[in-house]
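A.B. asks: Take a look at my_file-v7.tsv, TSV, C-alpha atoms:
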chain	number	residue	atom	x	y	z
A	1	MET	CA	45.22	-20.17	-109.96
A	2	SER	CA	44.68	-20.09	-106.18
A	3	LEU	CA	46.56	-19.08	-103.04
A	4	LYS	CA	47.03	-22.78	-102.35
A	5	ASP	CA	48.99	-23.18	-105.62
A	6	VAL	CA	51.21	-20.22	-104.74
A	7	ALA	CA	51.78	-21.58	-101.23
A	8	ALA	CA	52.91	-24.95	-102.63
A	9	VAL	CA	55.47	-23.33	-104.94
A	10	ALA	CA	56.79	-20.97	-102.23
A	11	GLY	CA	56.82	-23.64	-99.52
A	12	VAL	CA	54.75	-21.60	-97.09
A	13	SER	CA	51.23	-21.66	-95.69
A	14	VAL	CA	48.20	-20.28	-97.50
A	15	ARG	CA	47.83	-17.74	-94.70
A	16	THR	CA	51.36	-16.45	-95.32
A	17	VAL	CA	50.58	-16.00	-99.04
A	18	SER	CA	47.40	-14.16	-98.10
A	19	ASN	CA	49.39	-11.87	-95.81
A	20	VAL	CA	51.80	-11.01	-98.63
A	21	VAL	CA	49.02	-10.45	-101.18
A	22	ASN	CA	47.18	-8.18	-98.74
A	23	ARG	CA	50.42	-6.36	-97.91
A	24	PHE	CA	50.41	-7.07	-94.21
A	25	PRO	CA	53.70	-5.76	-92.79
A	26	HIS	CA	54.61	-8.60	-90.41
A	27	VAL	CA	56.14	-11.02	-92.90
A	28	ALA	CA	59.87	-11.87	-92.82
A	29	PRO	CA	61.72	-10.30	-95.78
A	30	ASP	CA	63.06	-13.62	-97.13
A	31	THR	CA	59.61	-15.22	-96.84
A	32	ARG	CA	58.01	-12.26	-98.60
A	33	ALA	CA	60.60	-12.53	-101.39
A	34	ARG	CA	59.84	-16.24	-101.92
A	35	VAL	CA	56.11	-15.61	-102.06
A	36	GLU	CA	56.47	-12.69	-104.45
A	37	LYS	CA	58.68	-14.81	-106.70
A	38	ALA	CA	56.05	-17.56	-106.71
A	39	LEU	CA	53.30	-15.04	-107.45
A	40	GLU	CA	55.25	-13.78	-110.44
A	41	GLN	CA	56.16	-17.29	-111.60
A	42	LEU	CA	52.53	-18.41	-111.57
A	43	ASN	CA	51.26	-15.04	-112.88
A	44	TYR	CA	48.83	-14.86	-109.96
A	45	ARG	CA	46.29	-12.04	-110.05
A	46	PRO	CA	44.08	-11.51	-106.99
A	47	ASN	CA	40.34	-11.29	-107.47
A	48	LEU	CA	39.93	-7.78	-106.11
A	49	ALA	CA	36.18	-7.73	-106.62
A	50	ALA	CA	35.70	-10.85	-104.51
A	51	ARG	CA	38.10	-9.59	-101.87
A	52	ASN	CA	36.36	-6.24	-101.59
A	53	LEU	CA	32.94	-7.90	-101.53
A	54	ARG	CA	33.99	-10.00	-98.54
A	55	ARG	CA	35.22	-6.88	-96.81
A	56	GLY	CA	32.08	-4.90	-97.70
A	57	ARG	CA	34.01	-2.49	-99.91
A	58	SER	CA	34.17	-1.51	-103.55
A	59	GLY	CA	37.88	-0.71	-103.73
A	60	LEU	CA	36.95	2.67	-105.25
A	61	ILE	CA	37.91	6.09	-103.89
A	62	GLY	CA	36.40	9.33	-105.16
A	63	LEU	CA	38.41	12.49	-105.80
A	64	VAL	CA	36.14	15.51	-106.22
A	65	VAL	CA	37.79	18.78	-107.25
A	66	PRO	CA	36.54	22.10	-108.62
A	67	GLU	CA	38.52	21.96	-111.88
A	68	ILE	CA	40.16	18.90	-113.40
A	69	ASP	CA	42.00	21.07	-115.93
A	70	SER	CA	43.59	23.13	-113.17
A	71	PRO	CA	47.29	22.18	-113.22
A	72	TYR	CA	47.39	22.04	-109.43
A	73	PHE	CA	44.47	19.61	-109.19
A	74	SER	CA	45.63	17.51	-112.14
A	75	GLU	CA	49.08	17.12	-110.59
A	76	LEU	CA	47.51	16.28	-107.24
A	77	ALA	CA	45.23	13.73	-108.91
A	78	ALA	CA	48.24	12.04	-110.52
A	79	HIS	CA	49.91	11.72	-107.11
A	80	LEU	CA	46.70	10.38	-105.57
A	81	VAL	CA	46.32	7.72	-108.27
A	82	LEU	CA	49.89	6.52	-107.70
A	83	ALA	CA	49.44	6.45	-103.93
A	84	ALA	CA	46.13	4.59	-104.31
A	85	GLU	CA	47.74	1.92	-106.49
A	86	GLU	CA	49.91	0.97	-103.53
A	87	ARG	CA	46.70	0.12	-101.67
A	88	SER	CA	45.05	-1.60	-104.67
A	89	TRP	CA	42.47	1.20	-104.76
A	90	THR	CA	41.04	2.76	-107.90
A	91	VAL	CA	40.40	6.51	-107.99
A	92	LEU	CA	37.32	7.98	-109.65
A	93	VAL	CA	37.71	11.69	-110.46
A	94	ASP	CA	34.92	14.22	-110.89
A	95	GLN	CA	34.74	18.01	-111.01
A	96	THR	CA	32.20	20.45	-109.64
A	97	GLY	CA	33.25	23.86	-110.93
A	98	GLY	CA	32.92	25.00	-107.32
A	99	ASP	CA	29.12	25.03	-107.80
A	100	PRO	CA	27.37	24.23	-104.47
A	101	ALA	CA	24.57	22.34	-106.24
A	102	ARG	CA	27.02	20.07	-108.07
A	103	GLU	CA	29.05	19.52	-104.92
A	104	ARG	CA	25.89	18.57	-103.03
A	105	ALA	CA	24.71	16.33	-105.87
A	106	PHE	CA	27.95	14.34	-105.78
A	107	LEU	CA	27.92	13.96	-102.01
A	108	GLU	CA	24.29	12.87	-101.92
A	109	GLY	CA	23.96	11.17	-105.31
A	110	ALA	CA	24.53	7.68	-106.62
A	111	ALA	CA	28.30	8.05	-106.96
A	112	ALA	CA	28.74	8.47	-103.22
A	113	GLY	CA	26.95	5.16	-102.74
A	114	PHE	CA	29.57	2.97	-104.40
A	115	VAL	CA	32.87	4.57	-103.34
A	116	ASP	CA	34.51	3.65	-100.04
A	117	GLY	CA	35.57	7.20	-99.28
A	118	LEU	CA	36.00	10.68	-100.74
A	119	VAL	CA	38.86	13.11	-101.04
A	120	PHE	CA	37.05	16.37	-101.61
A	121	SER	CA	38.01	19.99	-102.30
A	122	PRO	CA	34.83	22.03	-101.71
A	123	TRP	CA	34.54	25.61	-102.87
A	124	GLY	CA	30.81	26.12	-102.53
A	125	LEU	CA	29.39	24.06	-99.66
A	126	GLY	CA	29.46	25.09	-96.03
A	127	ALA	CA	29.90	23.15	-92.82
A	128	VAL	CA	26.31	21.90	-92.48
A	129	ASP	CA	26.28	20.00	-95.78
A	130	LEU	CA	29.80	18.67	-95.32
A	131	ARG	CA	29.14	17.48	-91.77
A	132	ARG	CA	26.02	15.62	-92.88
A	133	SER	CA	27.96	13.80	-95.59
A	134	ALA	CA	30.87	13.01	-93.28
A	135	GLU	CA	28.45	11.06	-91.11
A	136	ASP	CA	27.64	8.74	-94.03
A	137	ILE	CA	30.99	8.20	-95.74
A	138	PRO	CA	34.68	8.63	-94.84
A	139	LEU	CA	35.58	12.10	-96.07
A	140	VAL	CA	38.88	13.96	-96.29
A	141	LEU	CA	38.72	17.67	-97.11
A	142	LEU	CA	41.48	19.47	-99.00
A	143	GLY	CA	42.29	23.15	-98.74
A	144	GLU	CA	40.54	25.41	-96.28
A	145	ARG	CA	37.03	25.73	-94.96
A	146	ALA	CA	35.19	28.12	-92.70
A	147	ASN	CA	34.46	25.75	-89.80
A	148	ASP	CA	36.68	23.25	-88.01
A	149	GLY	CA	35.63	19.79	-86.91
A	150	VAL	CA	33.59	18.90	-90.01
A	151	ALA	CA	35.74	16.04	-91.30
A	152	ASP	CA	39.36	15.01	-91.58
A	153	HIS	CA	41.24	17.82	-93.28
A	154	ILE	CA	44.61	18.34	-95.01
A	155	ALA	CA	46.18	21.68	-95.92
A	156	ILE	CA	49.38	23.65	-95.78
A	157	ASP	CA	49.79	26.66	-93.50
A	158	ASN	CA	48.47	29.21	-95.98
A	159	VAL	CA	49.06	32.19	-93.70
A	160	ALA	CA	52.71	31.28	-93.14
A	161	ALA	CA	53.23	30.49	-96.83
A	162	ALA	CA	51.76	33.78	-98.04
A	163	ARG	CA	53.78	35.64	-95.47
A	164	GLU	CA	56.95	33.92	-96.65
A	165	ALA	CA	56.23	34.85	-100.28
A	166	THR	CA	55.63	38.49	-99.37
A	167	ASP	CA	58.66	38.61	-97.06
A	168	HIS	CA	60.76	37.44	-100.00
A	169	VAL	CA	59.94	40.40	-102.25
A	170	ILE	CA	60.17	42.86	-99.36
A	171	ALA	CA	63.69	41.57	-98.68
A	172	LEU	CA	64.54	42.36	-102.31
A	173	GLY	CA	63.66	45.99	-101.74
A	174	ARG	CA	60.18	46.07	-103.25
A	175	ARG	CA	57.85	48.58	-101.66
A	176	ARG	CA	54.52	48.60	-103.51
A	177	ILE	CA	53.44	44.98	-103.34
A	178	ALA	CA	50.07	43.97	-104.76
A	179	ALA	CA	48.02	40.82	-104.15
A	180	ILE	CA	45.98	39.10	-106.87
A	181	GLY	CA	43.46	36.40	-106.01
A	182	LEU	CA	40.86	37.56	-103.50
A	183	GLN	CA	37.63	35.52	-103.83
A	184	PRO	CA	35.02	36.81	-101.37
A	185	HIS	CA	32.24	35.05	-103.31
A	186	LEU	CA	33.46	31.59	-102.21
A	187	THR	CA	33.07	29.83	-98.86
A	188	ASN	CA	36.56	28.41	-99.39
A	189	GLU	CA	38.91	30.08	-96.93
A	190	THR	CA	42.17	29.70	-98.86
A	191	ALA	CA	42.17	33.17	-100.42
A	192	ARG	CA	41.30	34.82	-97.11
A	193	LEU	CA	44.17	33.08	-95.33
A	194	ARG	CA	46.66	34.00	-98.05
A	195	LEU	CA	45.49	37.60	-97.84
A	196	GLU	CA	46.00	37.44	-94.07
A	197	GLY	CA	49.58	36.27	-94.50
A	198	TYR	CA	50.27	38.94	-97.13
A	199	ARG	CA	48.96	41.71	-94.88
A	200	ALA	CA	50.87	40.36	-91.86
A	201	SER	CA	54.11	40.52	-93.81
A	202	LEU	CA	53.47	44.10	-94.88
A	203	ALA	CA	52.62	45.10	-91.32
A	204	THR	CA	55.79	43.56	-89.91
A	205	ALA	CA	57.87	45.42	-92.50
A	206	GLY	CA	56.11	48.70	-91.69
A	207	HIS	CA	54.34	48.93	-95.05
A	208	ALA	CA	50.72	50.06	-95.01
A	209	TRP	CA	48.48	47.87	-97.15
A	210	GLU	CA	46.34	49.55	-99.79
A	211	GLU	CA	42.92	48.24	-100.72
A	212	ARG	CA	43.40	49.11	-104.39
A	213	LEU	CA	46.49	46.90	-104.51
A	214	GLU	CA	44.35	43.89	-103.45
A	215	VAL	CA	42.56	42.61	-106.53
A	216	GLU	CA	39.55	40.29	-106.57
A	217	VAL	CA	39.19	37.66	-109.29
A	218	ALA	CA	36.22	35.68	-110.53
A	219	ALA	CA	38.35	32.58	-111.14
A	220	LEU	CA	41.95	31.45	-110.70
A	221	HIS	CA	42.83	31.34	-114.39
A	222	ARG	CA	45.53	32.99	-116.49
A	223	ALA	CA	43.06	35.42	-118.06
A	224	ASP	CA	41.98	36.59	-114.60
A	225	GLY	CA	45.59	37.18	-113.62
A	226	ALA	CA	46.23	39.14	-116.80
A	227	ALA	CA	43.15	41.32	-116.28
A	228	ALA	CA	44.11	41.98	-112.67
A	229	MET	CA	47.64	42.99	-113.67
A	230	ARG	CA	46.33	45.36	-116.33
A	231	ALA	CA	44.17	47.04	-113.70
A	232	LEU	CA	47.15	47.37	-111.36
A	233	LEU	CA	49.38	48.83	-114.08
A	234	ALA	CA	46.73	51.46	-114.81
A	235	LEU	CA	47.02	52.87	-111.27
A	236	PRO	CA	48.76	56.23	-110.82
A	237	ALA	CA	51.39	54.41	-108.76
A	238	PRO	CA	51.62	50.81	-110.06
A	239	PRO	CA	53.15	48.04	-107.93
A	240	ASP	CA	56.77	46.96	-108.19
A	241	ALA	CA	55.90	43.42	-107.00
A	242	VAL	CA	52.84	41.18	-107.19
A	243	PHE	CA	51.98	38.16	-105.05
A	244	CYS	CA	49.46	35.95	-106.87
A	245	PHE	CA	47.38	33.42	-104.98
A	246	ASN	CA	48.10	30.71	-107.55
A	247	ASP	CA	50.54	30.12	-110.40
A	248	GLN	CA	47.97	30.44	-113.17
A	249	LEU	CA	47.18	33.97	-112.01
A	250	ALA	CA	50.91	34.69	-111.88
A	251	LEU	CA	51.50	33.44	-115.42
A	252	GLY	CA	48.69	35.65	-116.69
A	253	ALA	CA	50.06	38.59	-114.73
A	254	MET	CA	53.52	38.14	-116.25
A	255	ARG	CA	52.03	38.08	-119.74
A	256	ALA	CA	50.16	41.33	-119.10
A	257	ALA	CA	53.32	42.95	-117.78
A	258	HIS	CA	55.23	41.83	-120.87
A	259	ASP	CA	52.47	43.17	-123.16
A	260	ALA	CA	52.75	46.53	-121.35
A	261	GLY	CA	56.44	46.71	-122.18
A	262	LEU	CA	57.65	45.91	-118.67
A	263	ASP	CA	60.45	43.59	-117.70
A	264	VAL	CA	59.87	40.88	-115.11
A	265	PRO	CA	61.53	41.05	-112.63
A	266	ARG	CA	63.36	44.34	-113.24
A	267	ASP	CA	60.22	46.49	-113.32
A	268	VAL	CA	57.84	44.24	-111.41
A	269	ALA	CA	58.58	41.05	-109.49
A	270	VAL	CA	56.00	38.25	-109.59
A	271	VAL	CA	55.49	35.41	-107.11
A	272	GLY	CA	52.93	32.62	-107.50
A	273	PHE	CA	51.59	29.75	-105.45
A	274	ASP	CA	51.32	25.96	-106.16
A	275	ASP	CA	54.56	25.19	-108.06
A	276	ILE	CA	52.85	23.85	-111.18
A	277	GLU	CA	55.05	22.52	-113.97
A	278	ASP	CA	54.27	25.42	-116.34
A	279	GLY	CA	55.92	27.83	-113.93
A	280	ARG	CA	59.21	25.95	-114.03
A	281	TYR	CA	59.41	26.39	-117.81
A	282	SER	CA	57.94	29.87	-118.26
A	283	ARG	CA	60.22	32.73	-119.22
A	284	PRO	CA	61.10	34.03	-116.76
A	285	SER	CA	60.66	30.97	-114.61
A	286	LEU	CA	58.20	31.56	-111.78
A	287	THR	CA	59.06	32.04	-108.11
A	288	THR	CA	56.39	30.20	-106.17
A	289	ILE	CA	55.22	28.55	-102.98
A	290	SER	CA	55.47	24.77	-103.39
A	291	PRO	CA	53.05	22.64	-101.35
A	292	ASP	CA	54.14	19.03	-100.83
A	293	LYS	CA	51.52	17.51	-103.16
A	294	TRP	CA	52.80	13.96	-102.68
A	295	ALA	CA	52.43	14.31	-98.91
A	296	ILE	CA	48.88	15.62	-99.39
A	297	ALA	CA	47.96	12.59	-101.51
A	298	VAL	CA	49.58	10.03	-99.20
A	299	ARG	CA	48.16	11.49	-96.00
A	300	ALA	CA	44.67	11.80	-97.53
A	301	LEU	CA	44.63	8.07	-98.27
A	302	GLU	CA	46.09	7.25	-94.87
A	303	LEU	CA	43.26	9.14	-93.20
A	304	LEU	CA	40.67	7.37	-95.36
A	305	GLY	CA	42.25	3.99	-94.65
A	306	GLU	CA	42.21	4.63	-90.92
A	307	ARG	CA	38.53	5.57	-91.07
A	308	LEU	CA	37.70	2.48	-93.12
A	309	ASP	CA	39.61	0.16	-90.79
A	310	GLY	CA	38.78	1.84	-87.49
A	311	ASP	CA	36.38	4.16	-85.68
A	312	ARG	CA	34.45	6.36	-88.10
A	313	SER	CA	32.95	8.41	-85.28
A	314	GLY	CA	36.22	9.77	-83.88
A	315	SER	CA	37.03	13.46	-83.82
A	316	ALA	CA	38.00	15.10	-87.10
A	317	ARG	CA	41.73	15.44	-87.60
A	318	ASP	CA	43.63	18.38	-89.08
A	319	VAL	CA	46.88	17.58	-90.89
A	320	VAL	CA	49.29	20.32	-91.96
A	321	VAL	CA	51.77	19.32	-94.67
A	322	PRO	CA	55.02	21.15	-95.47
A	323	HIS	CA	55.55	23.85	-98.07
A	324	SER	CA	58.62	25.66	-99.37
A	325	LEU	CA	59.45	28.87	-101.22
A	326	ILE	CA	61.04	28.13	-104.61
A	327	VAL	CA	62.95	31.20	-105.79
A	328	ARG	CA	63.29	31.49	-109.57
A	329	GLU	CA	63.77	34.23	-112.15
A	330	SER	CA	60.48	36.11	-111.81
A	331	SER	CA	61.39	37.74	-108.50
A	332	GLY	CA	65.06	38.40	-109.21
A	333	GLN	CA	66.82	41.43	-107.79
A	334	PRO	CA	65.48	44.92	-107.03
A	335	ARG	CA	65.02	47.08	-110.10
A	336	SER	CA	67.59	49.82	-110.67
A	337	ARG	CA	66.82	53.38	-109.70
A	338	GLY	CA	65.04	55.45	-112.30
A	339	SER	CA	61.69	55.71	-113.97
A	340	ARG	CA	59.51	52.76	-114.91
A	341	THR	CA	59.66	51.91	-118.60
A	342	ARG	CA	56.56	51.01	-120.56
Give the structure from the file, written as structure tokens.
C.D. replies:
Amino acid sequence: MSLKDVAAVAGVSVRTVSNVVNRFPHVAPDTRARVEKALEQLNYRPNLAARNLRRGRSGLIGLVVPEIDSPYFSELAAHLVLAAEERSWTVLVDQTGGDPARERAFLEGAAAGFVDGLVFSPWGLGAVDLRRSAEDIPLVLLGERANDGVADHIAIDNVAAAREATDHVIALGRRRIAAIGLQPHLTNETARLRLEGYRASLATAGHAWEERLEVEVAALHRADGAAAMRALLALPAPPDAVFCFNDQLALGAMRAAHDAGLDVPRDVAVVGFDDIEDGRYSRPSLTTISPDKWAIAVRALELLGERLDGDRSGSARDVVVPHSLIVRESSGQPRSRGSRTR
């Protein structure tokens, strides 16, 4: 089956069929409908391998993340796959564990040689390695990094989002607000920016921040959140609210609070970050910052497409996507006056 056969059935030129198959926008709606009907009638399937070979491309996009089993990254990957299908691209997914050696191996290894571009969330590598790779292959970075201008970059405003989360519990009357999720061992800047927003909120409200209420974690898992909450509850003056730098930490923190005999949110309010599905169905359901994951996926592919079709040497672009605060049961109302129950 060829484009010529489709053109004969649709009563249009071969070029018009090619424009429809390649999703060029400047085709009249009625003409596009006739061609699509003919394509379906003849069960036409484009030879993507041949098309990509002519264009010097593989049709493959790499998504490299620290943890595939992280709900945030798995949800983002699902969005990216759907968005890529609209461009007839296939997404290859790999994970690095945030290990600099594994991140470098992927950027410089065989896999980078057969993908057209990479969407990459680095936790270990710094600007020098990333800049070198960006010179060889279209690269879009997710999250935060220490140096600007390395490659095209997509993120939310982490400072504003963390501030909004902290403002929320302050407005509910909470006074001792802890933060769980500091990661000084990583080059990734996300935790630092969320800490900055948390501290800015406290300062605006006239609350002094306390170092012992800011808890470092080795990883962003539920067990780390639970351990951090247990440490906070062991303080002479435990917090009455906790802002966690991701939802997995928050879910672990809520479990630890429950195990200690506390009620969430009456005794301690909990706010997370990422709006993963688990948080919508936990009990209590989790108040969280919700990044627009679909916008992240779509814009990442748009940036890659523009690099593939245009000037690869242009200045790196920074794209900020929206976020929102989703208020659910875990923050609730201020606890009643009286002693904390355990």
A.B. asks: Can you pull out the residues contacting A:Glu210? Cut-off 10 Å, using only C-alpha atoms, and skip same-chain residues under 5 positions away; I want them as a list in words.
C.D. replies: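 Listed by chain and then number, they are Arg176, Ile177, Ala178, Ala179 and Arg199 of chain A.
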A.B. asks: Tell me, in Å to one decimal, how far atom CA of A:Asn158 is from atom CA of A:Ser324.
C.D. replies: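 Between these atoms lies a distance of 11.3 Å.
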A.B. asks: Tell me, in Å to one decimal, how far atom CA of A:Leu262 is from atom CA of A:Ile326.
C.D. replies: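 We find that atom CA of A:Leu262 and atom CA of A:Ile326 lie 22.9 Å from each other.
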A.B. asks: Determine, counting only C-alpha atoms, every residue of protein, DNA or RNA that lies within 12 Å of (42.2, 45.9, -114.6) in the file coordinates, then give the result as a list in words.
C.D. replies: Ile180, Arg212, Leu213, Glu214, Val215, Glu216, Val217, Ala223, Asp224, Gly225, Ala226, Ala227, Ala228, Met229, Arg230, Ala231, Leu232, Leu233, Ala234, Leu235, Pro238, Ala253, Ala256 and Ala257 of chain A
A.B. asks: Taking into account only C-alpha atoms, which residue in the set A:Val270, A:Ala260, A:Leu195, A:Ala155 is nearest to A:Ala295?
C.D. replies: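 For A:Ala295, the nearest of the given residues is A:Ala155.
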A.B. asks: Show me, as a PDB file with C-alpha atoms, keeping the file's coordinate frame, the residues that have an atom within 9 Å of A:Glu103 when counting all atoms listed in the file, minus same-chain residues fewer than 6 positions from it.
C.D. replies:
ATOM      1  CA  VAL A  64      36.140  15.510-106.220  1.00  0.00           C
ATOM      2  CA  PRO A  66      36.540  22.100-108.620  1.00  0.00           C
ATOM      3  CA  GLN A  95      34.740  18.010-111.010  1.00  0.00           C
ATOM      4  CA  THR A  96      32.200  20.450-109.640  1.00  0.00           C
ATOM      5  CA  GLY A  97      33.250  23.860-110.930  1.00  0.00           C
ATOM      6  CA  PRO A 122      34.830  22.030-101.710  1.00  0.00           C
ATOM      7  CA  TRP A 123      34.540  25.610-102.870  1.00  0.00           C
ATOM      8  CA  GLY A 124      30.810  26.120-102.530  1.00  0.00           C
ATOM      9  CA  LEU A 125      29.390  24.060 -99.660  1.00  0.00           C
TER      10      LEU A 125
END
A.B. asks: Using only C-alpha atoms, which protein or nucleic acid residues come within 7 Å of stretch 29-40 of chain A? Drop anything in the same chain fewer than 6 positions from it, and give the result as a PyMOL selection string.
C.D. replies: chain A and resi 6+9-10+17+20
A.B. asks: Identify the residues within 9 Å of coordinate (56.0, 21.9, -95.9) (same frame as the file), considering all atoms listed in the file, and give the answer as a list in words.
C.D. replies: Ile156, Asp157, Ser290, Pro291, Asp292, Ala295, Val320, Val321, Pro322, His323 and Ser324 of chain A
A.B. asks: For atom CA of A:Cys244 and atom CA of A:Phe273, quote the distance in Å rounded to one decimal.
C.D. replies: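 We find that atom CA of A:Cys244 and atom CA of A:Phe273 lie 6.7 Å from each other.
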A.B. asks: Name the closest residue to A:Arg328 among the candidates A:Ala316, A:Leu80, A:Val21, A:Val264; distances are taken between atoms, counting all atoms listed in the file.
C.D. replies: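 Of A:Ala316, A:Leu80, A:Val21, A:Val264, the one nearest A:Arg328, counting all atoms listed in the file, is A:Val264.
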A.B. asks: Give me the residues within 8 Å of A:Ala250 as a PDB file with C-alpha atoms, keeping the file's coordinate frame, counting only C-alpha atoms and dropping any in the same chain fewer than 4 places off.
C.D. replies:
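Everything below was put into selection_25.pdb:
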ATOM      1  CA  ARG A 222      45.530  32.990-116.490  1.00  0.00           C
ATOM      2  CA  GLY A 225      45.590  37.180-113.620  1.00  0.00           C
ATOM      3  CA  PHE A 243      51.980  38.160-105.050  1.00  0.00           C
ATOM      4  CA  CYS A 244      49.460  35.950-106.870  1.00  0.00           C
ATOM      5  CA  PHE A 245      47.380  33.420-104.980  1.00  0.00           C
ATOM      6  CA  ASN A 246      48.100  30.710-107.550  1.00  0.00           C
ATOM      7  CA  MET A 254      53.520  38.140-116.250  1.00  0.00           C
ATOM      8  CA  VAL A 270      56.000  38.250-109.590  1.00  0.00           C
ATOM      9  CA  VAL A 271      55.490  35.410-107.110  1.00  0.00           C
ATOM     10  CA  GLY A 272      52.930  32.620-107.500  1.00  0.00           C
ATOM     11  CA  LEU A 286      58.200  31.560-111.780  1.00  0.00           C
TER      12      LEU A 286
END
A.B. asks: Nearest to A:Thr90: which of A:Leu142, A:Glu108, A:Gly117, A:Ala8 is it, counting all atoms listed in the file?
C.D. replies: A:Gly117
A.B. asks: Considering only C-alpha atoms, state which residue in the set A:Ala151, A:Leu82, A:Val65, A:Ala7 is at the smallest distance from A:Val298.
C.D. replies: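 Of A:Ala151, A:Leu82, A:Val65, A:Ala7, the one nearest A:Val298, counting only C-alpha atoms, is A:Leu82.
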A.B. asks: In terms of the shortest atom-to-atom distance over only C-alpha atoms, which of A:Val12, A:Ala241, A:Leu139, A:Ala203 is closest to A:Arg266?
C.D. replies: A:Ala241
A.B. asks: With only C-alpha atoms as the basis for distance, which of A:Ala219, A:Ile154, A:Ala171, A:Ala297 is at the shortest distance from A:Glu86?
C.D. replies: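 Going through A:Ala219, A:Ile154, A:Ala171, A:Ala297 one by one, the smallest distance to A:Glu86 is for A:Ala297.
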